[in-house]
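Raw contents of work.csv, CSV, C-alpha atoms and all ligand atoms:
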chain,number,residue,atom,x,y,z
A,1,MET,CA,108.2,10.2,129.7
A,2,ASN,CA,110.9,10.9,127.1
A,3,GLN,CA,109.9,10.8,123.4
A,4,ILE,CA,111.7,11.4,120.1
A,5,PHE,CA,109.7,13.8,118.0
A,6,ILE,CA,110.0,14.5,114.3
A,7,THR,CA,109.9,18.3,114.6
A,8,GLY,CA,110.0,19.1,110.8
A,9,HIS,CA,110.7,17.4,107.5
A,10,GLY,CA,114.4,17.1,106.7
A,11,GLY,CA,117.6,15.6,108.1
A,12,PRO,CA,118.3,13.7,111.3
A,13,GLU,CA,118.6,17.0,113.2
A,14,LYS,CA,114.8,17.2,113.0
A,15,LEU,CA,114.6,14.4,115.6
A,16,GLN,CA,114.4,15.9,119.1
A,17,LEU,CA,114.0,14.5,122.6
A,18,ARG,CA,111.0,16.0,124.5
A,19,GLU,CA,109.7,15.2,128.0
A,20,SER,CA,106.1,15.0,129.1
A,21,PRO,CA,104.0,13.5,131.9
A,22,ASP,CA,103.5,9.7,131.8
A,23,PRO,CA,100.2,8.7,130.2
A,24,SER,CA,97.7,6.4,131.9
A,25,PRO,CA,96.2,3.4,130.1
A,26,ALA,CA,92.4,3.6,129.2
A,27,GLY,CA,90.0,0.7,129.1
A,28,GLY,CA,91.5,-2.3,127.2
A,29,GLU,CA,95.0,-0.8,127.2
A,30,ILE,CA,98.4,-1.6,128.8
A,31,ARG,CA,101.3,0.7,129.5
A,32,ILE,CA,104.8,-0.5,128.7
A,33,ARG,CA,108.1,0.8,130.1
A,34,VAL,CA,110.1,0.5,126.9
A,35,LYS,CA,113.5,-1.1,126.9
A,36,ALA,CA,114.0,-1.2,123.1
A,37,SER,CA,112.3,0.2,120.1
A,38,GLY,CA,112.7,-1.0,116.5
A,39,VAL,CA,113.9,1.5,113.8
A,40,ASN,CA,112.4,1.0,110.4
A,41,PHE,CA,113.1,2.6,107.0
A,42,ALA,CA,109.6,4.0,107.0
A,43,ASP,CA,110.6,6.2,110.0
A,44,ILE,CA,113.3,7.8,107.8
A,45,LEU,CA,110.8,8.3,105.0
A,46,ALA,CA,108.4,9.9,107.5
A,47,ARG,CA,111.2,12.3,108.7
A,48,GLU,CA,111.9,13.3,105.2
A,49,GLY,CA,108.2,13.9,104.5
A,50,LEU,CA,108.0,11.1,102.0
A,51,TYR,CA,105.7,8.7,103.9
A,52,PRO,CA,102.0,9.4,103.3
A,53,ASP,CA,100.8,7.3,106.3
A,54,ALA,CA,102.9,9.3,108.8
A,55,PRO,CA,101.0,11.5,111.4
A,56,ARG,CA,101.2,15.3,111.0
A,57,ILE,CA,104.4,16.8,112.5
A,58,PRO,CA,105.3,17.2,115.2
A,59,CYS,CA,104.9,13.5,115.7
A,60,VAL,CA,106.5,10.4,117.3
A,61,VAL,CA,107.1,7.5,114.9
A,62,GLY,CA,108.0,3.9,115.7
A,63,TYR,CA,106.2,0.7,115.0
A,64,GLU,CA,107.4,-1.8,117.6
A,65,VAL,CA,108.7,-1.9,121.2
A,66,SER,CA,109.8,-4.4,123.8
A,67,GLY,CA,109.7,-3.7,127.5
A,68,VAL,CA,107.9,-4.4,130.8
A,69,ALA,CA,104.1,-3.9,131.3
A,70,ASP,CA,103.7,-1.6,134.3
A,71,ALA,CA,100.0,-0.5,134.4
A,72,ALA,CA,96.7,-2.0,133.2
A,73,GLY,CA,93.6,0.0,132.2
A,74,PRO,CA,90.1,-1.0,133.2
A,75,GLY,CA,89.0,-4.4,131.9
A,76,VAL,CA,92.5,-5.6,131.3
A,77,ASP,CA,94.0,-8.8,132.8
A,78,PRO,CA,96.0,-7.4,135.7
A,79,SER,CA,98.5,-10.4,135.5
A,80,TRP,CA,100.2,-8.6,132.6
A,81,VAL,CA,101.6,-6.1,135.0
A,82,GLY,CA,105.3,-6.9,135.7
A,83,ARG,CA,105.6,-9.2,132.6
A,84,GLU,CA,108.1,-8.7,129.8
A,85,VAL,CA,106.3,-8.1,126.6
A,86,PHE,CA,106.7,-6.9,123.0
A,87,ALA,CA,104.2,-5.4,120.6
A,88,LEU,CA,103.4,-3.6,117.4
A,89,THR,CA,102.5,0.0,117.9
A,90,ARG,CA,100.8,2.4,115.5
A,91,PHE,CA,103.5,5.0,115.7
A,92,GLY,CA,104.7,6.3,119.1
A,93,GLY,CA,107.4,3.7,119.5
A,94,TYR,CA,110.3,6.1,119.8
A,95,SER,CA,109.5,6.6,123.5
A,96,ASP,CA,110.4,5.2,126.9
A,97,VAL,CA,106.7,4.7,127.7
A,98,VAL,CA,104.1,3.4,125.3
A,99,ILE,CA,100.4,2.5,125.6
A,100,VAL,CA,99.0,-0.4,123.4
A,101,PRO,CA,95.7,-2.3,123.3
A,102,GLU,CA,96.0,-5.5,125.4
A,103,LYS,CA,95.3,-7.7,122.3
A,104,GLN,CA,98.5,-6.5,120.7
A,105,LEU,CA,100.8,-7.8,123.5
A,106,ILE,CA,103.1,-10.7,123.0
A,107,PRO,CA,104.8,-12.3,126.0
A,108,LYS,CA,108.6,-12.0,125.5
A,109,PRO,CA,110.3,-15.3,125.6
A,110,ALA,CA,113.1,-15.3,128.2
A,111,LEU,CA,115.6,-16.5,125.6
A,112,LEU,CA,115.3,-13.1,123.7
A,113,SER,CA,116.8,-9.8,124.8
A,114,HIS,CA,114.6,-6.8,124.5
A,115,GLU,CA,116.6,-5.6,121.5
A,116,GLN,CA,116.0,-8.9,119.7
A,117,ALA,CA,112.3,-8.9,120.6
A,118,ALA,CA,112.0,-5.3,119.2
A,119,ALA,CA,113.6,-6.6,116.0
A,120,ILE,CA,110.8,-9.2,115.3
A,121,PRO,CA,107.3,-7.7,114.7
A,122,VAL,CA,107.7,-5.5,111.6
A,123,ASN,CA,110.5,-7.4,109.8
A,124,TYR,CA,109.2,-11.0,110.3
A,125,LEU,CA,105.5,-10.3,109.8
A,126,THR,CA,106.2,-8.4,106.6
A,127,ALA,CA,108.5,-11.1,105.3
A,128,TRP,CA,105.9,-13.8,106.3
A,129,GLN,CA,103.1,-12.0,104.4
A,130,LEU,CA,105.4,-11.5,101.4
A,131,LEU,CA,106.8,-15.0,101.2
A,132,VAL,CA,104.2,-17.3,102.6
A,133,VAL,CA,100.8,-15.6,102.7
A,134,MET,CA,100.8,-13.8,99.3
A,135,GLY,CA,104.0,-15.1,97.6
A,136,SER,CA,103.1,-18.9,98.2
A,137,LEU,CA,106.8,-19.8,98.1
A,138,LYS,CA,107.4,-23.5,98.0
A,139,ARG,CA,110.2,-25.9,98.6
A,140,ASP,CA,112.8,-25.9,95.7
A,141,GLU,CA,111.3,-22.8,94.1
A,142,THR,CA,113.5,-19.8,93.5
A,143,VAL,CA,113.2,-16.4,95.2
A,144,LEU,CA,115.0,-13.1,94.8
A,145,ILE,CA,115.2,-10.9,97.9
A,146,HIS,CA,116.2,-7.3,97.0
A,147,ASN,CA,117.9,-5.4,99.8
A,148,ALA,CA,118.7,-8.8,101.4
A,149,GLY,CA,120.9,-7.2,104.0
A,150,GLY,CA,118.2,-5.1,105.6
A,151,GLY,CA,115.9,-5.9,108.4
A,152,VAL,CA,113.1,-7.3,106.3
A,153,GLY,CA,115.7,-8.9,104.0
A,154,LEU,CA,117.3,-11.0,106.8
A,155,ALA,CA,114.0,-12.1,108.1
A,156,ALA,CA,113.0,-13.2,104.6
A,157,ILE,CA,116.2,-15.2,104.3
A,158,ASP,CA,115.3,-17.1,107.6
A,159,ILE,CA,111.8,-17.9,106.3
A,160,ALA,CA,112.8,-18.8,102.7
A,161,ARG,CA,115.6,-21.0,104.2
A,162,HIS,CA,113.0,-22.8,106.4
A,163,ILE,CA,110.7,-23.4,103.4
A,164,GLY,CA,113.7,-24.9,101.5
A,165,ALA,CA,113.7,-22.5,98.6
A,166,LYS,CA,116.8,-21.5,96.5
A,167,ILE,CA,117.6,-17.9,97.6
A,168,TYR,CA,119.1,-15.1,95.5
A,169,GLY,CA,119.7,-11.8,97.1
A,170,THR,CA,120.8,-8.3,96.1
A,171,ALA,CA,122.8,-6.2,98.6
A,172,SER,CA,125.9,-4.0,98.9
A,173,SER,CA,129.0,-6.2,98.3
A,174,GLY,CA,130.4,-5.7,101.8
A,175,LYS,CA,127.3,-7.6,103.2
A,176,HIS,CA,127.6,-10.6,101.0
A,177,ALA,CA,129.8,-12.8,103.2
A,178,PHE,CA,127.5,-12.4,106.2
A,179,LEU,CA,124.4,-13.1,104.1
A,180,MET,CA,125.9,-16.3,102.6
A,181,GLN,CA,126.6,-17.4,106.2
A,182,ARG,CA,122.9,-16.7,107.1
A,183,GLY,CA,121.7,-18.9,104.2
A,184,LEU,CA,121.7,-16.9,101.0
A,185,HIS,CA,122.7,-19.1,98.1
A,186,GLU,CA,123.7,-16.4,95.5
A,187,ALA,CA,124.5,-12.8,96.4
A,188,ILE,CA,124.3,-10.1,93.7
A,189,ASP,CA,125.8,-6.6,94.1
A,190,TYR,CA,123.0,-4.4,92.8
A,191,ARG,CA,124.9,-1.2,93.3
A,192,THR,CA,127.8,-1.7,90.9
A,193,LYS,CA,126.4,-4.4,88.5
A,194,ASP,CA,123.2,-4.8,86.5
A,195,TRP,CA,121.5,-7.3,88.8
A,196,LEU,CA,119.0,-8.5,86.1
A,197,VAL,CA,121.9,-9.5,83.8
A,198,GLU,CA,123.6,-11.3,86.8
A,199,LEU,CA,120.3,-13.0,87.8
A,200,LYS,CA,119.6,-14.3,84.2
A,201,LEU,CA,123.2,-15.7,84.1
A,202,LEU,CA,122.7,-17.5,87.4
A,203,THR,CA,119.3,-18.9,86.5
A,204,GLY,CA,120.1,-20.0,82.9
A,205,GLY,CA,118.0,-17.2,81.5
A,206,LYS,CA,114.8,-18.3,83.3
A,207,GLY,CA,114.5,-15.8,86.1
A,208,VAL,CA,112.8,-16.6,89.5
A,209,ALA,CA,109.5,-17.7,90.9
A,210,LEU,CA,109.1,-14.9,93.5
A,211,ILE,CA,110.7,-11.5,93.9
A,212,LEU,CA,110.5,-9.2,97.0
A,213,ASP,CA,111.0,-5.6,96.0
A,214,PRO,CA,111.1,-2.7,98.4
A,215,LEU,CA,112.9,-0.3,96.1
A,216,GLY,CA,110.1,1.0,94.0
A,217,GLY,CA,109.7,3.2,90.9
A,218,ASN,CA,111.1,1.8,87.7
A,219,HIS,CA,112.9,-0.9,89.7
A,220,TRP,CA,109.6,-2.7,89.8
A,221,LYS,CA,109.6,-2.9,86.0
A,222,LYS,CA,112.9,-4.7,86.0
A,223,SER,CA,111.8,-7.0,88.8
A,224,TYR,CA,108.7,-7.9,86.8
A,225,ALA,CA,110.9,-8.7,83.8
A,226,ALA,CA,113.0,-11.1,86.0
A,227,LEU,CA,110.0,-13.4,86.8
A,228,ARG,CA,109.8,-16.8,85.2
A,229,ALA,CA,106.4,-18.1,84.1
A,230,THR,CA,104.0,-18.4,87.0
A,231,GLY,CA,106.2,-15.9,88.9
A,232,ARG,CA,105.0,-13.4,91.5
A,233,LEU,CA,106.3,-9.9,92.3
A,234,GLY,CA,105.7,-8.6,95.8
A,235,MET,CA,106.1,-4.8,96.1
A,236,TYR,CA,106.3,-3.3,99.6
A,237,GLY,CA,108.4,-0.1,99.7
A,238,VAL,CA,109.9,2.9,97.9
A,239,SER,CA,113.4,3.1,99.3
A,240,VAL,CA,114.6,4.8,96.1
A,241,ALA,CA,112.7,7.9,97.2
A,242,THR,CA,115.6,8.8,99.5
A,243,THR,CA,118.3,8.8,96.8
A,244,SER,CA,116.6,11.5,94.6
A,245,LYS,CA,118.0,15.0,94.8
A,246,LEU,CA,114.7,16.6,94.0
A,247,PRO,CA,112.8,18.4,96.8
A,248,GLY,CA,110.2,16.4,98.9
A,249,PRO,CA,106.9,15.9,96.9
A,250,LEU,CA,108.8,16.1,93.5
A,251,ARG,CA,110.6,12.9,94.5
A,252,LEU,CA,107.4,11.0,94.8
A,253,LEU,CA,106.3,12.4,91.4
A,254,GLN,CA,109.6,11.2,89.9
A,255,ILE,CA,108.9,7.7,91.3
A,256,GLY,CA,105.3,7.8,90.2
A,257,LEU,CA,106.4,8.5,86.6
A,258,GLY,CA,108.8,5.5,86.6
A,259,THR,CA,106.2,3.2,88.2
A,260,PRO,CA,104.9,0.5,85.8
A,261,PHE,CA,101.2,-0.3,85.2
A,262,PHE,CA,100.3,-3.9,85.0
A,263,HIS,CA,97.6,-4.6,82.4
A,264,PRO,CA,95.4,-7.6,83.2
A,265,LEU,CA,95.7,-9.0,79.6
A,266,ALA,CA,99.5,-8.6,79.8
A,267,LEU,CA,99.5,-10.5,83.1
A,268,MET,CA,97.4,-13.3,81.6
A,269,SER,CA,99.7,-13.6,78.6
A,270,ALA,CA,102.8,-13.7,80.7
A,271,ASN,CA,101.5,-16.0,83.4
A,272,LYS,CA,102.7,-13.6,86.1
A,273,SER,CA,101.2,-11.9,89.1
A,274,VAL,CA,101.9,-8.8,91.1
A,275,PHE,CA,100.9,-7.9,94.7
A,276,GLY,CA,101.4,-5.3,97.3
A,277,VAL,CA,102.1,-5.5,101.0
A,278,ASN,CA,101.5,-2.8,103.7
A,279,LEU,CA,101.6,-4.2,107.2
A,280,GLY,CA,100.5,-0.9,108.7
A,281,HIS,CA,97.2,-1.3,106.8
A,282,LEU,CA,96.3,-4.6,108.5
A,283,ARG,CA,95.2,-3.2,111.8
A,284,HIS,CA,91.6,-4.3,111.1
A,285,GLU,CA,92.8,-7.9,110.9
A,286,PRO,CA,94.3,-8.5,114.3
A,287,GLU,CA,93.5,-12.2,114.3
A,288,MET,CA,95.4,-12.7,111.1
A,289,ILE,CA,98.5,-10.9,112.5
A,290,ALA,CA,98.2,-12.9,115.7
A,291,SER,CA,98.1,-16.2,113.8
A,292,TRP,CA,101.2,-15.3,111.8
A,293,MET,CA,103.0,-14.3,115.0
A,294,GLU,CA,102.1,-17.6,116.6
A,295,THR,CA,103.8,-19.5,113.8
A,296,LEU,CA,106.8,-17.1,114.0
A,297,MET,CA,107.1,-17.7,117.8
A,298,LYS,CA,107.1,-21.4,117.2
A,299,GLY,CA,109.9,-20.8,114.6
A,300,LEU,CA,111.8,-18.9,117.2
A,301,ALA,CA,111.6,-21.8,119.6
A,302,ASP,CA,112.6,-24.2,116.8
A,303,GLY,CA,115.5,-22.1,115.8
A,304,TRP,CA,114.7,-20.9,112.3
A,305,VAL,CA,113.6,-17.4,113.3
A,306,ARG,CA,116.8,-15.7,114.2
A,307,PRO,CA,116.4,-12.0,114.9
A,308,HIS,CA,119.7,-10.2,114.2
A,309,VAL,CA,120.3,-6.8,115.8
A,310,ASP,CA,123.2,-5.1,114.1
A,311,LYS,CA,123.4,-2.0,116.3
A,312,SER,CA,121.7,-0.4,119.3
A,313,PHE,CA,121.6,3.4,119.9
A,314,PRO,CA,120.4,5.2,123.0
A,315,LEU,CA,116.9,6.7,122.4
A,316,SER,CA,118.4,10.1,122.7
A,317,ARG,CA,120.6,9.4,119.7
A,318,ALA,CA,117.8,8.4,117.3
A,319,GLY,CA,119.2,10.8,114.7
A,320,ASP,CA,122.5,8.8,114.6
A,321,ALA,CA,120.5,5.6,114.2
A,322,HIS,CA,118.8,7.1,111.1
A,323,THR,CA,122.1,8.3,109.7
A,324,TYR,CA,123.6,4.8,110.1
A,325,MET,CA,120.7,3.3,108.1
A,326,GLU,CA,120.8,6.0,105.5
A,327,GLU,CA,124.5,5.4,105.0
A,328,ARG,CA,123.6,1.8,104.3
A,329,LYS,CA,125.8,0.6,107.2
A,330,ASN,CA,123.3,-1.8,108.8
A,331,ILE,CA,123.0,-5.5,108.2
A,332,GLY,CA,119.7,-6.4,109.8
A,333,LYS,CA,118.0,-4.5,112.5
A,334,VAL,CA,118.8,-1.2,114.2
A,335,VAL,CA,117.2,-0.5,117.6
A,336,LEU,CA,116.9,2.3,120.1
A,337,THR,CA,117.4,1.4,123.8
A,338,VAL,CA,116.4,3.1,127.0
B,1,LIG,N1,105.1,-2.4,103.3
B,1,LIG,C1,105.5,-2.8,104.5
B,1,LIG,O1,104.6,-3.3,105.3
B,1,LIG,C2,106.9,-2.7,104.9
B,1,LIG,C3,107.3,-3.2,106.2
B,1,LIG,C4,108.7,-3.1,106.5
B,1,LIG,C5,109.6,-2.5,105.6
B,1,LIG,N2,109.1,-2.0,104.4
B,1,LIG,C6,110.0,-1.4,103.4
B,1,LIG,O2,111.1,-2.3,103.2
B,1,LIG,C7,112.3,-1.6,102.9
B,1,LIG,C8,113.3,-2.1,103.9
B,1,LIG,O3,113.0,-1.7,105.2
B,1,LIG,P1,113.8,-2.0,106.5
B,1,LIG,O4,113.2,-1.3,107.6
B,1,LIG,O5,114.1,-3.5,106.6
B,1,LIG,O6,115.2,-1.2,106.3
B,1,LIG,P2,116.6,-1.8,105.9
B,1,LIG,O7,116.5,-2.7,104.7
B,1,LIG,O8,117.3,-2.2,107.0
B,1,LIG,O9,117.2,-0.4,105.3
B,1,LIG,C9,118.5,0.0,105.1
B,1,LIG,C10,119.1,-0.8,103.9
B,1,LIG,O10,118.4,-0.5,102.7
B,1,LIG,C11,119.2,-0.6,101.6
B,1,LIG,N3,118.9,0.5,100.7
B,1,LIG,C12,118.3,0.4,99.5
B,1,LIG,N4,118.1,1.6,99.0
B,1,LIG,C13,118.5,2.5,99.8
B,1,LIG,C14,118.5,3.9,99.9
B,1,LIG,N5,118.0,4.6,98.8
B,1,LIG,N6,119.1,4.5,100.9
B,1,LIG,C15,119.6,3.8,102.0
B,1,LIG,N7,119.5,2.5,102.0
B,1,LIG,C16,119.0,1.8,101.0
B,1,LIG,C17,120.7,-0.6,102.1
B,1,LIG,O11,121.2,-1.9,102.0
B,1,LIG,P3,122.3,-2.1,100.8
B,1,LIG,O12,123.6,-1.6,101.3
B,1,LIG,O13,122.3,-3.6,100.7
B,1,LIG,O14,121.7,-1.5,99.6
B,1,LIG,C18,120.5,-0.2,103.6
B,1,LIG,O15,121.4,-0.9,104.4
B,1,LIG,C19,111.9,-0.1,103.0
B,1,LIG,O16,111.6,0.3,101.7
B,1,LIG,C20,110.7,-0.1,103.9
B,1,LIG,O17,109.9,1.0,103.7
B,1,LIG,C21,107.8,-2.1,104.1

Write-out of the structure in structure tokens:
Amino acid sequence: MNQIFITGHGGPEKLQLRESPDPSPAGGEIRIRVKASGVNFADILAREGLYPDAPRIPCVVGYEVSGVADAAGPGVDPSWVGREVFALTRFGGYSDVVIVPEKQLIPKPALLSHEQAAAIPVNYLTAWQLLVVMGSLKRDETVLIHNAGGGVGLAAIDIARHIGAKIYGTASSGKHAFLMQRGLHEAIDYRTKDWLVELKLLTGGKGVALILDPLGGNHWKKSYAALRATGRLGMYGVSVATTSKLPGPLRLLQIGLGTPFFHPLALMSANKSVFGVNLGHLRHEPEMIASWMETLMKGLADGWVRPHVDKSFPLSRAGDAHTYMEERKNIGKVVLTV
């Protein structure tokens, strides 16, 4: 098999293709011949040495794949073999062969390409947890989606639109037209304007009921200030880590110093709540994930889940895929194909 390894912490040149013998599935496992793998921002953080969950280098990252099941381990339903499937993986997705536990397999609907299927698990499950499970977004409520043009951002627009909420989003200005077409009601350029001032103007000074914030550091302070009474702040990433010029661990320190502390009494007085999301830490709740995915697959059939692949790169060009995302060129998902 061919895999893309992170060979050291640093730039995209640290990603290298290596060949090794195909693995065999053990009991309860299925082997997948991968056709497409999802690229996530966390992979970039892992490459830069800024992702505490990443395996020790050299390692293969990648959280999701789509492909064809081609071998079943002992105790696994043999009828999976030959079927098109997609799945969450705990790392290892940047590969043309992946082994996953049978219970993680999802049959790929024929209407989806492998690229589209690989764009679903991380983005839509994260957005679902943020908006529905923990954010309790309701019809006619207001939501602000930061980084609305990213993979999670586009998935969140689909879900918020389905719920019937009023959707505000921040993104680079070149992405606004596309996002409005996807269902965003108000687009704010957070790179050249003070988004909090803009949001207050747009909401008559009130702020919004729910905010999804993957930027981190002192950005969370500002998002908290932008909540109206009974508002919820969902924190789920530290994208700002990549913009600092400081060396590796010092960047995390810089973010830590800017990160707000939320005192219970202050939360009570303000009628606000804050919560965190980390999909990778829900492996011990497979039934929960499966039930969210079931709803999302119904949404796919009903047409409100609309996975959007912006660009595909061959697996061997994973470094170019990272550069594309780091240069903020993507709108929605970037995938690697075999
Ligand atoms: N906790 C979880 O379970 C979980 C799951 C999935 C993702 N996440 C987090 O959610 C965030 C988005 O992830 P994603 O995979 O969907 O990626 P993505 O949003 O597609 O990432 C690329 C986009 O991020 C925006 N961006 C913001 N700050 C940036 C920076 N410093 N450098 C480069 N781009 C930046 C850019 O959009 P603009 O041009 O509009 O700024 C860029 O196009 C990441 O922080 C990721 O770690 C967390």

Counting only C-alpha atoms and all ligand atoms, which residues in chain A sit no more than 7 Å from ligand LIG 1 (chain B)? For each one, give the nearest pair of atoms and the distance in Å, sorted by chain then residue number, as CSV.
residue,atom,partner,partner_atom,distance
A:Val39,CA,B:LIG1,O4,6.8
A:Asn40,CA,B:LIG1,O4,3.7
A:Phe41,CA,B:LIG1,O4,3.9
A:Ala42,CA,B:LIG1,O17,4.5
A:Val122,CA,B:LIG1,C4,5.7
A:Asn123,CA,B:LIG1,C4,5.7
A:Thr126,CA,B:LIG1,C3,5.3
A:Asn147,CA,B:LIG1,O13,4.8
A:Ala148,CA,B:LIG1,O13,6.4
A:Gly149,CA,B:LIG1,O13,5.1
A:Gly150,CA,B:LIG1,O7,3.1
A:Gly151,CA,B:LIG1,O5,3.5
A:Val152,CA,B:LIG1,O5,3.9
A:Gly153,CA,B:LIG1,O5,6.2
A:Thr170,CA,B:LIG1,O13,6.7
A:Ala171,CA,B:LIG1,O13,3.4
A:Ser172,CA,B:LIG1,O13,4.0
A:Lys175,CA,B:LIG1,O13,6.9
A:Pro214,CA,B:LIG1,O16,4.5
A:Leu215,CA,B:LIG1,O16,5.8
A:Tyr236,CA,B:LIG1,N1,4.0
A:Gly237,CA,B:LIG1,O16,3.8
A:Val238,CA,B:LIG1,O16,4.9
A:Ser239,CA,B:LIG1,O16,4.1
A:Val240,CA,B:LIG1,N5,4.3
A:Ala241,CA,B:LIG1,N5,6.4
A:Thr242,CA,B:LIG1,N5,4.9
A:Thr243,CA,B:LIG1,N5,4.7
A:Val277,CA,B:LIG1,N1,4.9
A:Asn278,CA,B:LIG1,O1,3.5
A:Leu279,CA,B:LIG1,O1,3.7
A:Gly280,CA,B:LIG1,O1,5.8
A:Met325,CA,B:LIG1,C9,5.0
A:Glu326,CA,B:LIG1,C15,4.3
A:Glu327,CA,B:LIG1,C15,6.0
A:Arg328,CA,B:LIG1,O15,3.5
A:Lys329,CA,B:LIG1,O15,5.4
A:Asn330,CA,B:LIG1,O15,4.9
A:Ile331,CA,B:LIG1,O15,6.2
A:Gly332,CA,B:LIG1,O8,5.6
A:Lys333,CA,B:LIG1,O8,6.0

Review point. What is the distance between CA of Leu50 in chain A and CA of Leu252 in chain A, in Å to one decimal?
Key: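 Computed distance, CA of Leu50 in chain A to CA of Leu252 in chain A, equals 7.2 Å.
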
Practice item. Can you work out which one of A:Met180, A:Leu233, A:Ile44, A:Leu257 has the shortest atom-to-atom distance to Met134 in chain A, counting only C-alpha atoms? Key: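 Between A:Met180, A:Leu233, A:Ile44, A:Leu257, the residue approaching Met134 in chain A most closely is A:Leu233.
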
Check your understanding: Got a sec: who's within 9 Å of Phe91 in chain A, counting all atoms listed in the file, leaving out chain neighbours fewer than 3 positions off, as a ChimeraX atom specification?
Key -> /A:54-55,59-64,88,94

Any idea what's packed within 9 Å of Leu210 in chain A, counting only C-alpha atoms, ignoring anything in its chain fewer than 6 positions away? Could you give it as a PDB file with C-alpha atoms, in the coordinates of the input?
ATOM      1  CA  LEU A 131     106.800 -15.000 101.200  1.00  0.00           C
ATOM      2  CA  GLY A 135     104.000 -15.100  97.600  1.00  0.00           C
ATOM      3  CA  SER A 136     103.100 -18.900  98.200  1.00  0.00           C
ATOM      4  CA  LEU A 137     106.800 -19.800  98.100  1.00  0.00           C
ATOM      5  CA  GLU A 141     111.300 -22.800  94.100  1.00  0.00           C
ATOM      6  CA  THR A 142     113.500 -19.800  93.500  1.00  0.00           C
ATOM      7  CA  VAL A 143     113.200 -16.400  95.200  1.00  0.00           C
ATOM      8  CA  LEU A 144     115.000 -13.100  94.800  1.00  0.00           C
ATOM      9  CA  ILE A 145     115.200 -10.900  97.900  1.00  0.00           C
ATOM     10  CA  LEU A 227     110.000 -13.400  86.800  1.00  0.00           C
ATOM     11  CA  ARG A 228     109.800 -16.800  85.200  1.00  0.00           C
ATOM     12  CA  THR A 230     104.000 -18.400  87.000  1.00  0.00           C
ATOM     13  CA  GLY A 231     106.200 -15.900  88.900  1.00  0.00           C
ATOM     14  CA  ARG A 232     105.000 -13.400  91.500  1.00  0.00           C
ATOM     15  CA  LEU A 233     106.300  -9.900  92.300  1.00  0.00           C
ATOM     16  CA  GLY A 234     105.700  -8.600  95.800  1.00  0.00           C
TER      17      GLY A 234
END

Check your understanding: With all atoms listed in the file as the atoms that count, which of A:Leu125, A:Pro101, A:Ala87, A:Pro23 lies nearest to Ser291 in chain A?
Key -> A:Leu125

Exercise for review: Using only C-alpha atoms, determine which residues lie at most 10 Å from Ile255 in chain A, disregarding the query and same-chain residues fewer than 3 positions distant; provide the list as a list in words.
Suggested key: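 Everything that qualifies: Gly216, Gly217, Asn218, His219, Val238, Val240, Ala241, Ser244, Leu250, Arg251, Leu252, Gly258, Thr259 and Pro260 of chain A.
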
Check your understanding: Near Asp77 in chain A, counting all atoms listed in the file, which residues have an atom at most 10 Å away, once you skip same-chain residues fewer than 3 positions from it, shown as a PyMOL selection string?
Key -> chain A and resi 28-30+72-74+80-81+102

Exercise for review: In the coordinates of the file, take the point (120.3, 14.7, 108.6) and a cut-off of 10 Å; then, counting only C-alpha atoms, name each qualifying protein, DNA or RNA residue as a PyMOL selection string.
Suggested key: chain A and resi 10-15+44+47-48+319-320+322-323+326

Those selected residues, please, written with C-alpha atoms and delivered as a compact mmCIF listing (two decimals), in the frame of the given file.
# COMPACT_ATOMS: atom_id res chain seq x y z
CA GLY A 10 114.40 17.10 106.70
CA GLY A 11 117.60 15.60 108.10
CA PRO A 12 118.30 13.70 111.30
CA GLU A 13 118.60 17.00 113.20
CA LYS A 14 114.80 17.20 113.00
CA LEU A 15 114.60 14.40 115.60
CA ILE A 44 113.30 7.80 107.80
CA ARG A 47 111.20 12.30 108.70
CA GLU A 48 111.90 13.30 105.20
CA GLY A 319 119.20 10.80 114.70
CA ASP A 320 122.50 8.80 114.60
CA HIS A 322 118.80 7.10 111.10
CA THR A 323 122.10 8.30 109.70
CA GLU A 326 120.80 6.00 105.50
